[in-house]
>>> print(open('coords-v8.tsv').read())   # TSV, C-alpha atoms
chain	number	residue	atom	x	y	z
B	28	MET	CA	118.21	66.61	136.04
B	29	LYS	CA	119.23	68.33	132.82
B	30	PHE	CA	122.24	70.39	133.89
B	31	CYS	CA	125.19	69.82	136.19
B	32	PRO	CA	124.53	71.55	139.55
B	33	CYS	CA	128.27	72.30	139.78
B	34	CYS	CA	129.07	73.77	136.34
B	35	ALA	CA	125.69	74.27	134.56
B	36	GLN	CA	126.73	72.22	131.52
B	37	PRO	CA	124.25	69.60	130.22
B	38	VAL	CA	124.51	66.18	131.90
B	39	VAL	CA	124.35	62.86	130.05
B	40	ARG	CA	122.70	59.62	131.16
B	41	LYS	CA	125.15	56.73	131.12
B	42	ILE	CA	126.60	53.89	133.16
B	43	PRO	CA	129.82	55.20	134.75
B	44	GLU	CA	132.90	52.98	134.51
B	45	GLY	CA	132.78	50.31	137.22
B	46	ASP	CA	129.10	50.98	137.90
B	47	HIS	CA	126.06	48.97	136.78
B	48	LEU	CA	123.26	51.56	136.72
B	49	ILE	CA	122.49	54.52	134.48
B	50	ARG	CA	123.37	57.79	136.26
B	51	PHE	CA	123.41	61.47	135.46
B	52	VAL	CA	127.04	62.25	134.61
B	53	CYS	CA	128.72	65.60	133.94
B	54	GLU	CA	131.45	65.01	131.38
B	55	THR	CA	132.87	68.49	132.04
B	56	CYS	CA	133.32	68.03	135.81
B	57	ASN	CA	133.68	64.23	135.59
B	58	LEU	CA	131.08	64.05	138.35
B	59	VAL	CA	128.39	61.40	138.82
B	60	HIS	CA	125.18	62.84	140.29
B	61	TYR	CA	123.52	60.08	142.29
B	62	ASP	CA	119.85	59.98	143.13
B	63	ASN	CA	118.97	57.82	146.13
B	64	PRO	CA	115.85	56.83	148.08
B	65	ARG	CA	114.57	59.20	150.73
B	66	THR	CA	113.57	58.36	154.28
B	67	ILE	CA	110.29	59.34	155.92
B	68	VAL	CA	110.33	59.22	159.73
B	69	GLY	CA	107.33	59.23	162.01
B	70	CYS	CA	105.90	57.79	165.19
B	71	VAL	CA	102.86	56.28	166.86
B	72	PRO	CA	102.16	58.84	169.62
B	73	ALA	CA	100.33	56.86	172.31
B	74	TRP	CA	98.32	58.11	175.28
B	75	GLN	CA	96.91	55.19	177.32
B	76	ASP	CA	94.82	53.18	174.80
B	77	GLN	CA	94.67	56.03	172.29
B	78	VAL	CA	96.84	57.19	169.39
B	79	LEU	CA	97.24	60.75	168.12
B	80	LEU	CA	96.45	61.27	164.42
B	81	CYS	CA	96.62	64.38	162.23
B	82	ARG	CA	94.23	65.27	159.42
B	83	ARG	CA	96.34	66.52	156.53
B	84	ALA	CA	96.03	70.15	155.39
B	85	ILE	CA	98.43	69.51	152.49
B	86	HIS	CA	98.68	67.41	149.38
B	87	PRO	CA	98.96	64.52	148.78
B	88	ARG	CA	95.95	63.05	150.61
B	89	HIS	CA	94.57	66.38	151.79
B	90	GLY	CA	91.84	65.80	154.40
B	91	TYR	CA	92.94	62.24	155.25
B	92	TRP	CA	94.27	61.10	158.63
B	93	THR	CA	97.90	60.20	159.22
B	94	LEU	CA	100.48	59.48	161.87
B	95	PRO	CA	102.87	62.42	162.23
B	96	ALA	CA	105.74	61.79	159.78
B	97	GLY	CA	107.89	63.52	157.21
B	98	PHE	CA	111.21	63.59	155.38
B	99	LEU	CA	114.32	62.92	157.44
B	100	GLU	CA	116.59	65.98	157.23
B	101	ASN	CA	120.37	66.13	157.01
B	102	GLY	CA	121.94	66.48	160.45
B	103	GLU	CA	119.22	64.80	162.49
B	104	THR	CA	118.73	61.24	163.71
B	105	THR	CA	115.63	59.25	162.75
B	106	ARG	CA	114.34	59.66	166.34
B	107	GLN	CA	114.94	63.41	166.25
B	108	GLY	CA	113.14	63.59	162.90
B	109	ALA	CA	110.13	61.73	164.28
B	110	ILE	CA	109.99	64.02	167.33
B	111	ARG	CA	110.32	67.12	165.13
B	112	GLU	CA	107.57	66.04	162.74
B	113	THR	CA	105.23	65.35	165.67
B	114	LEU	CA	105.92	68.81	167.04
B	115	GLU	CA	105.43	70.44	163.62
B	116	GLU	CA	102.26	68.61	162.62
B	117	ALA	CA	100.52	68.30	165.98
B	118	ASN	CA	102.33	70.72	168.34
B	119	ALA	CA	102.81	67.61	170.44
B	120	ARG	CA	105.75	66.51	172.56
B	121	VAL	CA	106.66	62.80	172.57
B	122	GLU	CA	109.27	60.54	174.05
B	123	ILE	CA	110.40	57.81	171.67
B	124	ASP	CA	110.14	54.26	173.03
B	125	ALA	CA	111.64	52.06	170.32
B	126	LEU	CA	112.01	51.35	166.63
B	127	TYR	CA	108.82	49.74	165.33
B	128	ARG	CA	108.49	49.50	161.53
B	129	LEU	CA	110.73	49.94	158.50
B	130	PHE	CA	108.75	49.91	155.25
B	131	ASP	CA	110.27	49.58	151.79
B	132	LEU	CA	108.50	51.52	149.03
B	133	PRO	CA	110.98	51.04	146.17
B	134	HIS	CA	108.44	52.09	143.52
B	135	ILE	CA	108.48	55.63	144.93
B	136	HIS	CA	112.12	55.58	146.11
B	137	GLN	CA	111.25	55.83	149.79
B	138	ILE	CA	111.66	54.03	153.06
B	139	HIS	CA	109.31	54.81	155.96
B	140	VAL	CA	110.54	54.39	159.53
B	141	PHE	CA	108.06	54.48	162.42
B	142	PHE	CA	108.85	54.52	166.14
B	143	ARG	CA	106.60	53.82	169.09
B	144	ALA	CA	106.29	56.93	171.24
B	145	ARG	CA	104.50	58.28	174.31
B	146	LEU	CA	102.73	61.62	174.34
B	147	LEU	CA	104.15	63.66	177.22
B	148	ASP	CA	101.02	65.78	177.73
B	149	LEU	CA	97.63	66.49	176.15
B	150	ASP	CA	98.53	70.00	175.01
B	151	PHE	CA	98.41	69.29	171.26
B	152	SER	CA	96.80	71.19	168.38
B	153	PRO	CA	96.96	71.28	164.57
B	154	GLY	CA	100.26	72.52	163.13
B	155	ILE	CA	100.36	74.42	159.85
B	156	GLU	CA	100.21	71.16	157.84
B	157	SER	CA	97.22	69.77	159.75
B	158	LEU	CA	93.50	70.55	159.72
B	159	GLU	CA	92.77	68.67	162.92
B	160	THR	CA	94.55	66.59	165.58
B	161	ARG	CA	92.76	64.02	167.71
B	162	LEU	CA	93.25	60.99	169.92
B	163	PHE	CA	91.62	57.75	168.70
B	164	THR	CA	91.05	54.43	170.42
B	165	GLU	CA	91.35	51.36	168.18
B	166	ALA	CA	87.57	51.29	167.68
B	167	GLU	CA	87.54	54.95	166.67
B	168	ILE	CA	90.37	54.84	164.05
B	169	PRO	CA	88.98	56.17	160.72
B	170	TRP	CA	90.30	53.16	158.75
B	171	ASP	CA	88.67	54.31	155.50
B	172	GLU	CA	90.08	57.80	155.80
B	173	LEU	CA	93.75	57.03	156.43
B	174	ALA	CA	96.20	58.85	154.17
B	175	PHE	CA	98.80	56.14	153.51
B	176	HIS	CA	99.09	52.36	153.36
B	177	THR	CA	102.10	52.36	155.71
B	178	VAL	CA	100.05	54.29	158.29
B	179	ARG	CA	97.26	51.71	158.06
B	180	LEU	CA	99.71	48.78	158.44
B	181	THR	CA	101.48	50.43	161.36
B	182	LEU	CA	98.23	51.10	163.22
B	183	GLN	CA	96.86	47.59	162.55
B	184	ASP	CA	100.07	46.00	163.87
B	185	TYR	CA	100.33	48.44	166.77
B	186	PHE	CA	96.88	47.66	168.19
B	187	ALA	CA	97.39	43.91	167.66
B	188	ASP	CA	100.77	44.05	169.43
B	189	ARG	CA	99.23	46.17	172.19
B	190	ARG	CA	96.96	43.28	173.20
B	191	ARG	CA	100.07	41.12	173.76
B	192	ASP	CA	102.11	44.05	175.16
B	193	ASP	CA	104.93	42.94	172.83
B	194	TYR	CA	106.01	45.14	169.93
B	195	PRO	CA	108.67	43.34	167.87
B	196	PRO	CA	110.27	45.72	165.33
B	197	ARG	CA	110.33	44.52	161.73
B	198	ASP	CA	110.68	45.54	158.11
B	199	LEU	CA	107.97	45.14	155.49
B	200	ASP	CA	107.91	45.38	151.72
B	201	VAL	CA	104.89	47.42	150.61
B	202	ARG	CA	105.43	47.53	146.87
B	203	PRO	CA	102.11	47.41	145.01
B	204	GLY	CA	101.24	43.71	144.94
B	205	ALA	CA	103.82	42.80	147.58
B	206	ARG	CA	101.04	41.93	150.01
H	2	MET	CA	125.02	72.90	144.32
H	3	LYS	CA	125.65	76.13	142.40
H	4	PHE	CA	123.24	75.87	139.48
H	5	CYS	CA	119.69	74.64	139.04
H	6	PRO	CA	119.74	71.09	137.57
H	7	CYS	CA	116.55	71.95	135.65
H	8	CYS	CA	117.36	75.35	134.06
H	9	ALA	CA	121.11	75.93	134.69
H	10	GLN	CA	120.51	79.32	136.35
H	11	PRO	CA	122.36	80.03	139.64
H	12	VAL	CA	120.55	78.81	142.76
H	13	VAL	CA	120.26	80.80	145.98
H	14	ARG	CA	120.41	79.54	149.56
H	15	LYS	CA	117.34	80.57	151.51
H	16	ILE	CA	114.53	79.34	153.73
H	17	PRO	CA	111.53	78.69	151.44
H	18	GLU	CA	108.17	80.06	152.57
H	19	GLY	CA	106.59	77.70	155.11
H	20	ASP	CA	109.89	75.86	155.63
H	21	HIS	CA	112.36	76.19	158.51
H	22	LEU	CA	115.69	75.15	156.95
H	23	ILE	CA	117.99	76.80	154.42
H	24	ARG	CA	117.64	75.08	151.01
H	25	PHE	CA	118.97	75.51	147.51
H	26	VAL	CA	116.23	77.35	145.64
H	27	CYS	CA	115.94	78.21	141.94
H	28	GLU	CA	114.13	81.54	141.67
H	29	THR	CA	113.70	81.04	137.92
H	30	CYS	CA	111.96	77.63	138.15
H	31	ASN	CA	110.56	78.30	141.64
H	32	LEU	CA	111.96	74.90	142.61
H	33	VAL	CA	113.41	73.84	145.96
H	34	HIS	CA	116.26	71.35	145.59
H	35	TYR	CA	116.27	69.19	148.70
H	36	ASP	CA	119.27	67.27	149.94
H	37	ASN	CA	118.44	64.34	152.22
H	38	PRO	CA	120.30	61.62	154.12
H	39	ARG	CA	121.34	58.50	152.24
H	40	THR	CA	120.84	54.91	153.34
H	41	ILE	CA	123.57	52.27	153.43
H	42	VAL	CA	122.29	48.69	153.49
H	43	GLY	CA	124.25	45.59	154.40
H	44	CYS	CA	124.08	42.27	156.18
H	45	VAL	CA	125.81	39.89	158.57
H	46	PRO	CA	126.32	36.82	156.33
H	47	ALA	CA	126.51	33.90	158.76
H	48	TRP	CA	127.74	30.35	158.21
H	49	GLN	CA	127.46	28.27	161.38
H	50	ASP	CA	129.53	30.18	163.99
H	51	GLN	CA	131.33	32.26	161.36
H	52	VAL	CA	130.67	35.56	159.61
H	53	LEU	CA	131.80	36.57	156.12
H	54	LEU	CA	133.85	39.78	155.92
H	55	CYS	CA	135.36	41.62	152.94
H	56	ARG	CA	138.67	43.48	152.90
H	57	ARG	CA	138.10	46.74	151.07
H	58	ALA	CA	139.85	47.38	147.76
H	59	ILE	CA	138.42	50.92	147.63
H	60	HIS	CA	138.55	54.15	149.57
H	61	PRO	CA	137.62	55.07	152.20
H	62	ARG	CA	139.25	52.54	154.55
H	63	HIS	CA	141.16	50.69	151.83
H	64	GLY	CA	142.59	47.45	153.23
H	65	TYR	CA	140.23	47.30	156.23
H	66	TRP	CA	137.60	44.62	156.85
H	67	THR	CA	133.89	45.25	156.53
H	68	LEU	CA	130.50	43.62	156.36
H	69	PRO	CA	129.14	43.72	152.80
H	70	ALA	CA	127.17	46.98	152.50
H	71	GLY	CA	126.60	49.93	150.20
H	72	PHE	CA	124.21	52.67	149.11
H	73	LEU	CA	120.55	51.74	148.72
H	74	GLU	CA	119.53	52.36	145.10
H	75	ASN	CA	116.26	53.70	143.75
H	76	GLY	CA	113.87	50.88	142.87
H	77	GLU	CA	115.13	48.27	145.32
H	78	THR	CA	114.09	47.30	148.84
H	79	THR	CA	116.56	47.45	151.72
H	80	ARG	CA	116.70	43.62	151.71
H	81	GLN	CA	117.35	43.54	147.96
H	82	GLY	CA	120.09	46.15	148.41
H	83	ALA	CA	121.78	44.09	151.12
H	84	ILE	CA	121.62	40.94	148.95
H	85	ARG	CA	122.98	42.84	145.92
H	86	GLU	CA	125.89	44.36	147.86
H	87	THR	CA	126.83	40.92	149.23
H	88	LEU	CA	126.84	39.53	145.71
H	89	GLU	CA	128.87	42.46	144.35
H	90	GLU	CA	131.48	42.60	147.10
H	91	ALA	CA	131.86	38.91	147.93
H	92	ASN	CA	130.22	37.00	145.04
H	93	ALA	CA	128.16	35.45	147.79
H	94	ARG	CA	124.50	34.44	147.89
H	95	VAL	CA	122.56	35.06	151.09
H	96	GLU	CA	119.05	34.66	152.40
H	97	ILE	CA	117.97	37.51	154.66
H	98	ASP	CA	116.68	36.47	158.08
H	99	ALA	CA	115.55	39.69	159.72
H	100	LEU	CA	116.17	43.36	160.33
H	101	TYR	CA	118.95	43.78	162.89
H	102	ARG	CA	120.38	47.30	163.28
H	103	LEU	CA	119.47	50.80	162.17
H	104	PHE	CA	122.28	53.28	162.87
H	105	ASP	CA	121.93	57.05	162.72
H	106	LEU	CA	124.99	58.95	161.49
H	107	PRO	CA	123.53	62.45	161.19
H	108	HIS	CA	126.98	64.09	161.03
H	109	ILE	CA	127.57	62.45	157.64
H	110	HIS	CA	123.91	62.46	156.52
H	111	GLN	CA	123.59	58.68	156.51
H	112	ILE	CA	121.62	55.88	158.06
H	113	HIS	CA	123.06	52.34	158.03
H	114	VAL	CA	120.66	49.37	158.00
H	115	PHE	CA	122.00	45.85	158.67
H	116	PHE	CA	120.11	42.58	158.33
H	117	ARG	CA	120.99	39.16	159.67
H	118	ALA	CA	121.52	36.74	156.79
H	119	ARG	CA	122.56	33.16	156.06
H	120	LEU	CA	125.17	32.28	153.45
H	121	LEU	CA	123.59	29.80	151.04
H	122	ASP	CA	126.90	28.15	150.03
H	123	LEU	CA	130.65	28.55	150.45
H	124	ASP	CA	131.28	29.58	146.86
H	125	PHE	CA	132.36	33.17	147.62
H	126	SER	CA	135.31	35.22	146.35
H	127	PRO	CA	136.42	38.87	146.25
H	128	GLY	CA	134.30	41.11	144.05
H	129	ILE	CA	135.84	44.11	142.26
H	130	GLU	CA	135.61	46.26	145.41
H	131	SER	CA	137.25	43.67	147.68
H	132	LEU	CA	140.85	42.48	148.12
H	133	GLU	CA	139.89	39.39	150.10
H	134	THR	CA	136.80	37.62	151.47
H	135	ARG	CA	136.96	35.29	154.47
H	136	LEU	CA	134.88	33.62	157.16
H	137	PHE	CA	135.74	34.57	160.74
H	138	THR	CA	134.70	33.06	164.07
H	139	GLU	CA	134.20	35.57	166.89
H	140	ALA	CA	137.73	34.88	168.17
H	141	GLU	CA	139.20	35.50	164.73
H	142	ILE	CA	137.47	38.85	163.97
H	143	PRO	CA	140.17	41.46	163.20
H	144	TRP	CA	138.72	43.99	165.66
H	145	ASP	CA	141.57	46.48	165.12
H	146	GLU	CA	141.26	46.31	161.35
H	147	LEU	CA	137.54	46.92	160.90
H	148	ALA	CA	136.62	49.62	158.41
H	149	PHE	CA	133.67	51.30	160.15
H	150	HIS	CA	132.31	51.88	163.65
H	151	THR	CA	128.85	50.59	162.65
H	152	VAL	CA	130.45	47.32	161.46
H	153	ARG	CA	132.23	46.92	164.79
H	154	LEU	CA	129.03	47.59	166.78
H	155	THR	CA	127.00	45.22	164.61
H	156	LEU	CA	129.54	42.39	164.99
H	157	GLN	CA	129.90	42.92	168.77
H	158	ASP	CA	126.13	42.81	169.23
H	159	TYR	CA	125.71	39.92	166.80
H	160	PHE	CA	128.10	37.59	168.62
H	161	ALA	CA	126.68	38.59	172.03
H	162	ASP	CA	123.12	37.93	170.78
H	163	ARG	CA	124.26	34.65	169.23
H	164	ARG	CA	125.10	33.24	172.69
H	165	ARG	CA	121.47	33.89	173.71
H	166	ASP	CA	120.09	32.91	170.29
H	167	ASP	CA	117.98	36.08	170.47
H	168	TYR	CA	118.60	38.97	168.09
H	169	PRO	CA	116.33	41.90	168.96
H	170	PRO	CA	116.41	44.58	166.23
H	171	ARG	CA	117.14	48.11	167.39
H	172	ASP	CA	118.31	51.56	166.37
H	173	LEU	CA	121.44	53.25	167.64
H	174	ASP	CA	122.78	56.77	167.47
H	175	VAL	CA	126.46	56.72	166.50
H	176	ARG	CA	127.23	60.40	166.26
H	177	PRO	CA	130.77	61.15	167.45
H	178	GLY	CA	130.46	61.28	171.23
H	179	ALA	CA	127.02	59.66	171.26
H	180	ARG	CA	128.52	56.54	172.89
>>> encode(input="coords-v8.tsv", output="structure tokens")
Amino acid sequence: MKFCPCCAQPVVRKIPEGDHLIRFVCETCNLVHYDNPRTIVGCVPAWQDQVLLCRRAIHPRHGYWTLPAGFLENGETTRQGAIRETLEEANARVEIDALYRLFDLPHIHQIHVFFRARLLDLDFSPGIESLETRLFTEAEIPWDELAFHTVRLTLQDYFADRRRDDYPPRDLDVRPGAR
Amino acid sequence: MKFCPCCAQPVVRKIPEGDHLIRFVCETCNLVHYDNPRTIVGCVPAWQDQVLLCRRAIHPRHGYWTLPAGFLENGETTRQGAIRETLEEANARVEIDALYRLFDLPHIHQIHVFFRARLLDLDFSPGIESLETRLFTEAEIPWDELAFHTVRLTLQDYFADRRRDDYPPRDLDVRPGAR
């Protein structure tokens, strides 16, 4: 940010009074322009012992496999966002079961929230952001071709939990070096 | 947003190619300026059968009681944010136990994440944003003077779960009218 989005005057970087972090401040408007972490929402779309993955047609990680997920939008709930992303990326309809994982990625200013979900039918196909959509059993998961670390962790935990039929939700810190 | 934060030219509101929502777009920079939901992080700081609350010295809800919580900052995890807010608002040190509640408030573009936590000592006092800090048993909670609906729901669930000594994490939709 170089200019105030409200008045177009240059902003300065400083710690506002009563604050403790450097922010972009407009000294004309007396406005502080905050920048906060963004939330990615997605789901594990299950069909019997299989999970639906999408092969990415976009950067980053073009050509790699992922769970359907994307940025949470204003005006929607995290569940609605996960359902929408699954429809957009895989033309697939899901019902959300429960919260599953919350990942912290503070180095890239993101949190990733994944839900467990059930595919409602097998009428899925690649959306505009996908090259391919396919169901995988645990043995078939392309572990070396997964797009993101949080997708790998979610799938590993999901199949382990599936053997116990118990899926406790939890949060995980996935900063580089955190595990 | 009226002006591009990068070049100070006026932005337009339109649906970018390949998108489905109206965004602020700079046609000079060819940049889309996204606006996404923000995350509030907080905790339930427990000491035996009591919970630490803060009476707010700031707007909104000046004078009302709340759990320590505030905006997640870039570069920190949700747990770190909850610990930091508890230190700032109540000069209190906590250890986080586990994820507890994720609330969706899509009407105000927020999600609220609460953890269960244990107070490490009784050396707490009002921070700059608090008028008063106090431990409350369930019977003492000022239910009619709580600052936020998500604080009320978290405390209700927390004390109910405490009787069972089982605190399953879950997400809840708290749009007006959602419950």
>>> calpha_fit_and_write(input="coords-v8.tsv", fixed="chain B", moving="chain H", output="short mmCIF file (atom, residue, chain, number, x, y, z; two decimals) with C-alpha atoms, in the frame of the given file")
data_model
loop_
_atom_site.label_atom_id
_atom_site.label_comp_id
_atom_site.auth_asym_id
_atom_site.auth_seq_id
_atom_site.Cartn_x
_atom_site.Cartn_y
_atom_site.Cartn_z
CA MET H 2 118.22 66.58 136.02
CA LYS H 3 119.26 68.30 132.79
CA PHE H 4 122.27 70.35 133.84
CA CYS H 5 125.21 69.80 136.15
CA PRO H 6 124.55 71.52 139.51
CA CYS H 7 128.28 72.29 139.74
CA CYS H 8 129.11 73.74 136.28
CA ALA H 9 125.72 74.24 134.53
CA GLN H 10 126.77 72.18 131.48
CA PRO H 11 124.28 69.56 130.18
CA VAL H 12 124.54 66.16 131.87
CA VAL H 13 124.38 62.84 130.04
CA ARG H 14 122.73 59.60 131.14
CA LYS H 15 125.17 56.72 131.12
CA ILE H 16 126.61 53.87 133.15
CA PRO H 17 129.83 55.19 134.75
CA GLU H 18 132.91 52.97 134.52
CA GLY H 19 132.79 50.29 137.22
CA ASP H 20 129.10 50.97 137.91
CA HIS H 21 126.07 48.96 136.77
CA LEU H 22 123.26 51.55 136.71
CA ILE H 23 122.51 54.50 134.44
CA ARG H 24 123.38 57.78 136.23
CA PHE H 25 123.43 61.47 135.44
CA VAL H 26 127.05 62.24 134.60
CA CYS H 27 128.75 65.58 133.92
CA GLU H 28 131.48 64.98 131.35
CA THR H 29 132.91 68.45 132.01
CA CYS H 30 133.35 68.01 135.79
CA ASN H 31 133.70 64.21 135.56
CA LEU H 32 131.09 64.03 138.32
CA VAL H 33 128.40 61.39 138.82
CA HIS H 34 125.20 62.84 140.27
CA TYR H 35 123.54 60.09 142.28
CA ASP H 36 119.86 60.00 143.12
CA ASN H 37 118.98 57.85 146.13
CA PRO H 38 115.87 56.86 148.09
CA ARG H 39 114.58 59.24 150.74
CA THR H 40 113.58 58.37 154.29
CA ILE H 41 110.29 59.35 155.92
CA VAL H 42 110.32 59.23 159.72
CA GLY H 43 107.32 59.24 162.01
CA CYS H 44 105.89 57.80 165.19
CA VAL H 45 102.85 56.28 166.86
CA PRO H 46 102.16 58.83 169.64
CA ALA H 47 100.32 56.85 172.31
CA TRP H 48 98.31 58.07 175.29
CA GLN H 49 96.91 55.16 177.31
CA ASP H 50 94.81 53.15 174.80
CA GLN H 51 94.67 56.01 172.29
CA VAL H 52 96.83 57.17 169.40
CA LEU H 53 97.24 60.73 168.13
CA LEU H 54 96.45 61.26 164.43
CA CYS H 55 96.60 64.38 162.25
CA ARG H 56 94.22 65.26 159.43
CA ARG H 57 96.31 66.52 156.54
CA ALA H 58 95.99 70.14 155.42
CA ILE H 59 98.40 69.51 152.53
CA HIS H 60 98.66 67.42 149.40
CA PRO H 61 98.94 64.56 148.79
CA ARG H 62 95.95 63.06 150.64
CA HIS H 63 94.54 66.38 151.81
CA GLY H 64 91.82 65.78 154.41
CA TYR H 65 92.93 62.23 155.27
CA TRP H 66 94.27 61.08 158.64
CA THR H 67 97.89 60.20 159.23
CA LEU H 68 100.49 59.47 161.86
CA PRO H 69 102.87 62.42 162.25
CA ALA H 70 105.74 61.81 159.79
CA GLY H 71 107.88 63.55 157.21
CA PHE H 72 111.21 63.61 155.39
CA LEU H 73 114.34 62.94 157.44
CA GLU H 74 116.59 66.01 157.23
CA ASN H 75 120.37 66.17 157.02
CA GLY H 76 121.93 66.53 160.47
CA GLU H 77 119.22 64.82 162.51
CA THR H 78 118.73 61.26 163.71
CA THR H 79 115.65 59.27 162.74
CA ARG H 80 114.35 59.66 166.33
CA GLN H 81 114.93 63.42 166.25
CA GLY H 82 113.13 63.60 162.89
CA ALA H 83 110.12 61.73 164.27
CA ILE H 84 109.99 64.02 167.33
CA ARG H 85 110.32 67.14 165.14
CA GLU H 86 107.56 66.05 162.74
CA THR H 87 105.22 65.35 165.68
CA LEU H 88 105.91 68.82 167.04
CA GLU H 89 105.42 70.46 163.63
CA GLU H 90 102.24 68.64 162.63
CA ALA H 91 100.51 68.30 166.00
CA ASN H 92 102.31 70.71 168.37
CA ALA H 93 102.81 67.62 170.46
CA ARG H 94 105.75 66.49 172.58
CA VAL H 95 106.66 62.81 172.57
CA GLU H 96 109.27 60.53 174.06
CA ILE H 97 110.40 57.81 171.67
CA ASP H 98 110.15 54.26 173.03
CA ALA H 99 111.63 52.07 170.32
CA LEU H 100 112.00 51.35 166.63
CA TYR H 101 108.82 49.74 165.31
CA ARG H 102 108.50 49.49 161.52
CA LEU H 103 110.74 49.95 158.50
CA PHE H 104 108.76 49.92 155.25
CA ASP H 105 110.28 49.62 151.79
CA LEU H 106 108.50 51.54 149.03
CA PRO H 107 110.98 51.07 146.18
CA HIS H 108 108.44 52.13 143.53
CA ILE H 109 108.49 55.67 144.94
CA HIS H 110 112.13 55.61 146.11
CA GLN H 111 111.26 55.86 149.80
CA ILE H 112 111.68 54.04 153.06
CA HIS H 113 109.31 54.83 155.95
CA VAL H 114 110.56 54.39 159.53
CA PHE H 115 108.06 54.48 162.43
CA PHE H 116 108.86 54.52 166.14
CA ARG H 117 106.60 53.83 169.08
CA ALA H 118 106.30 56.94 171.24
CA ARG H 119 104.50 58.27 174.31
CA LEU H 120 102.72 61.62 174.34
CA LEU H 121 104.14 63.65 177.23
CA ASP H 122 100.99 65.76 177.75
CA LEU H 123 97.61 66.47 176.17
CA ASP H 124 98.50 69.98 175.04
CA PHE H 125 98.39 69.26 171.28
CA SER H 126 96.78 71.18 168.41
CA PRO H 127 96.94 71.29 164.60
CA GLY H 128 100.23 72.53 163.18
CA ILE H 129 100.33 74.42 159.87
CA GLU H 130 100.20 71.17 157.87
CA SER H 131 97.21 69.76 159.77
CA LEU H 132 93.48 70.54 159.74
CA GLU H 133 92.76 68.65 162.95
CA THR H 134 94.55 66.57 165.59
CA ARG H 135 92.74 63.98 167.71
CA LEU H 136 93.24 60.95 169.92
CA PHE H 137 91.62 57.73 168.70
CA THR H 138 91.03 54.39 170.42
CA GLU H 139 91.35 51.34 168.17
CA ALA H 140 87.57 51.27 167.68
CA GLU H 141 87.53 54.92 166.66
CA ILE H 142 90.35 54.81 164.05
CA PRO H 143 88.98 56.13 160.73
CA TRP H 144 90.27 53.13 158.76
CA ASP H 145 88.65 54.29 155.50
CA GLU H 146 90.08 57.78 155.81
CA LEU H 147 93.74 57.02 156.42
CA ALA H 148 96.19 58.86 154.19
CA PHE H 149 98.80 56.15 153.52
CA HIS H 150 99.08 52.37 153.36
CA THR H 151 102.11 52.38 155.70
CA VAL H 152 100.05 54.29 158.30
CA ARG H 153 97.27 51.71 158.07
CA LEU H 154 99.71 48.79 158.43
CA THR H 155 101.50 50.44 161.35
CA LEU H 156 98.23 51.11 163.22
CA GLN H 157 96.87 47.59 162.55
CA ASP H 158 100.07 46.01 163.86
CA TYR H 159 100.33 48.44 166.76
CA PHE H 160 96.89 47.66 168.18
CA ALA H 161 97.39 43.90 167.64
CA ASP H 162 100.78 44.06 169.42
CA ARG H 163 99.24 46.17 172.18
CA ARG H 164 96.95 43.27 173.21
CA ARG H 165 100.09 41.14 173.74
CA ASP H 166 102.11 44.05 175.15
CA ASP H 167 104.92 42.95 172.82
CA TYR H 168 106.01 45.14 169.91
CA PRO H 169 108.67 43.35 167.85
CA PRO H 170 110.28 45.72 165.32
CA ARG H 171 110.34 44.53 161.73
CA ASP H 172 110.68 45.54 158.10
CA LEU H 173 107.98 45.14 155.48
CA ASP H 174 107.92 45.40 151.72
CA VAL H 175 104.91 47.45 150.61
CA ARG H 176 105.42 47.58 146.88
CA PRO H 177 102.10 47.46 145.02
CA GLY H 178 101.21 43.77 144.95
CA ALA H 179 103.79 42.84 147.58
CA ARG H 180 100.97 42.03 150.04
#
>>> residues_around(input="coords-v8.tsv", residues="segment 96-109 of chain B", least_positions_apart="6", cutoff="8 Å", atoms="only C-alpha atoms", output="MDAnalysis selection string")
(chainID B and resid 65:70 123 140:142) or (chainID H and resid 36:38 105:110 174)
>>> atom_distance(input="coords-v8.tsv", atom1="atom CA of Thr93 of chain B", atom2="atom CA of Asp192 of chain B")
23.1 Å
>>> closest_residue(input="coords-v8.tsv", among="B:Leu149, B:Leu94, B:Val201, B:Ile155", to="Leu182 of chain B", atoms="all atoms listed in the file")
B:Leu94
>>> residues_around(input="coords-v8.tsv", residues="segment 42-45 of chain B", least_positions_apart="5", cutoff="9 Å", atoms="all atoms listed in the file", output="list in words")
Arg50, Phe51, Val52 and Val59 of chain B; Ile129 of chain H
>>> residues_around(input="coords-v8.tsv", residues="Pro196 of chain B", least_positions_apart="2", cutoff="8 Å", atoms="all atoms listed in the file", output="list of chain:residue names")
B:Leu126, B:Tyr127, B:Arg128, B:Tyr194, B:Asp198, H:Pro170, H:Arg171
>>> write_last_selection(input="coords-v8.tsv", atoms="C-alpha atoms", output="PDB file, in the frame of the given file")
ATOM      1  CA  LEU B 126     112.010  51.350 166.630  1.00  0.00           C
ATOM      2  CA  TYR B 127     108.820  49.740 165.330  1.00  0.00           C
ATOM      3  CA  ARG B 128     108.490  49.500 161.530  1.00  0.00           C
ATOM      4  CA  TYR B 194     106.010  45.140 169.930  1.00  0.00           C
ATOM      5  CA  ASP B 198     110.680  45.540 158.110  1.00  0.00           C
TER       6      ASP B 198
ATOM      7  CA  PRO H 170     116.410  44.580 166.230  1.00  0.00           C
ATOM      8  CA  ARG H 171     117.140  48.110 167.390  1.00  0.00           C
TER       9      ARG H 171
END
>>> atom_distance(input="coords-v8.tsv", atom1="atom CA of Trp170 of chain B", atom2="atom CA of Arg88 of chain B")
14.0 Å
>>> closest_residue(input="coords-v8.tsv", among="B:Glu172, B:Asp148, B:Asp46, B:Glu167", to="chain H", atoms="all atoms listed in the file")
B:Asp46
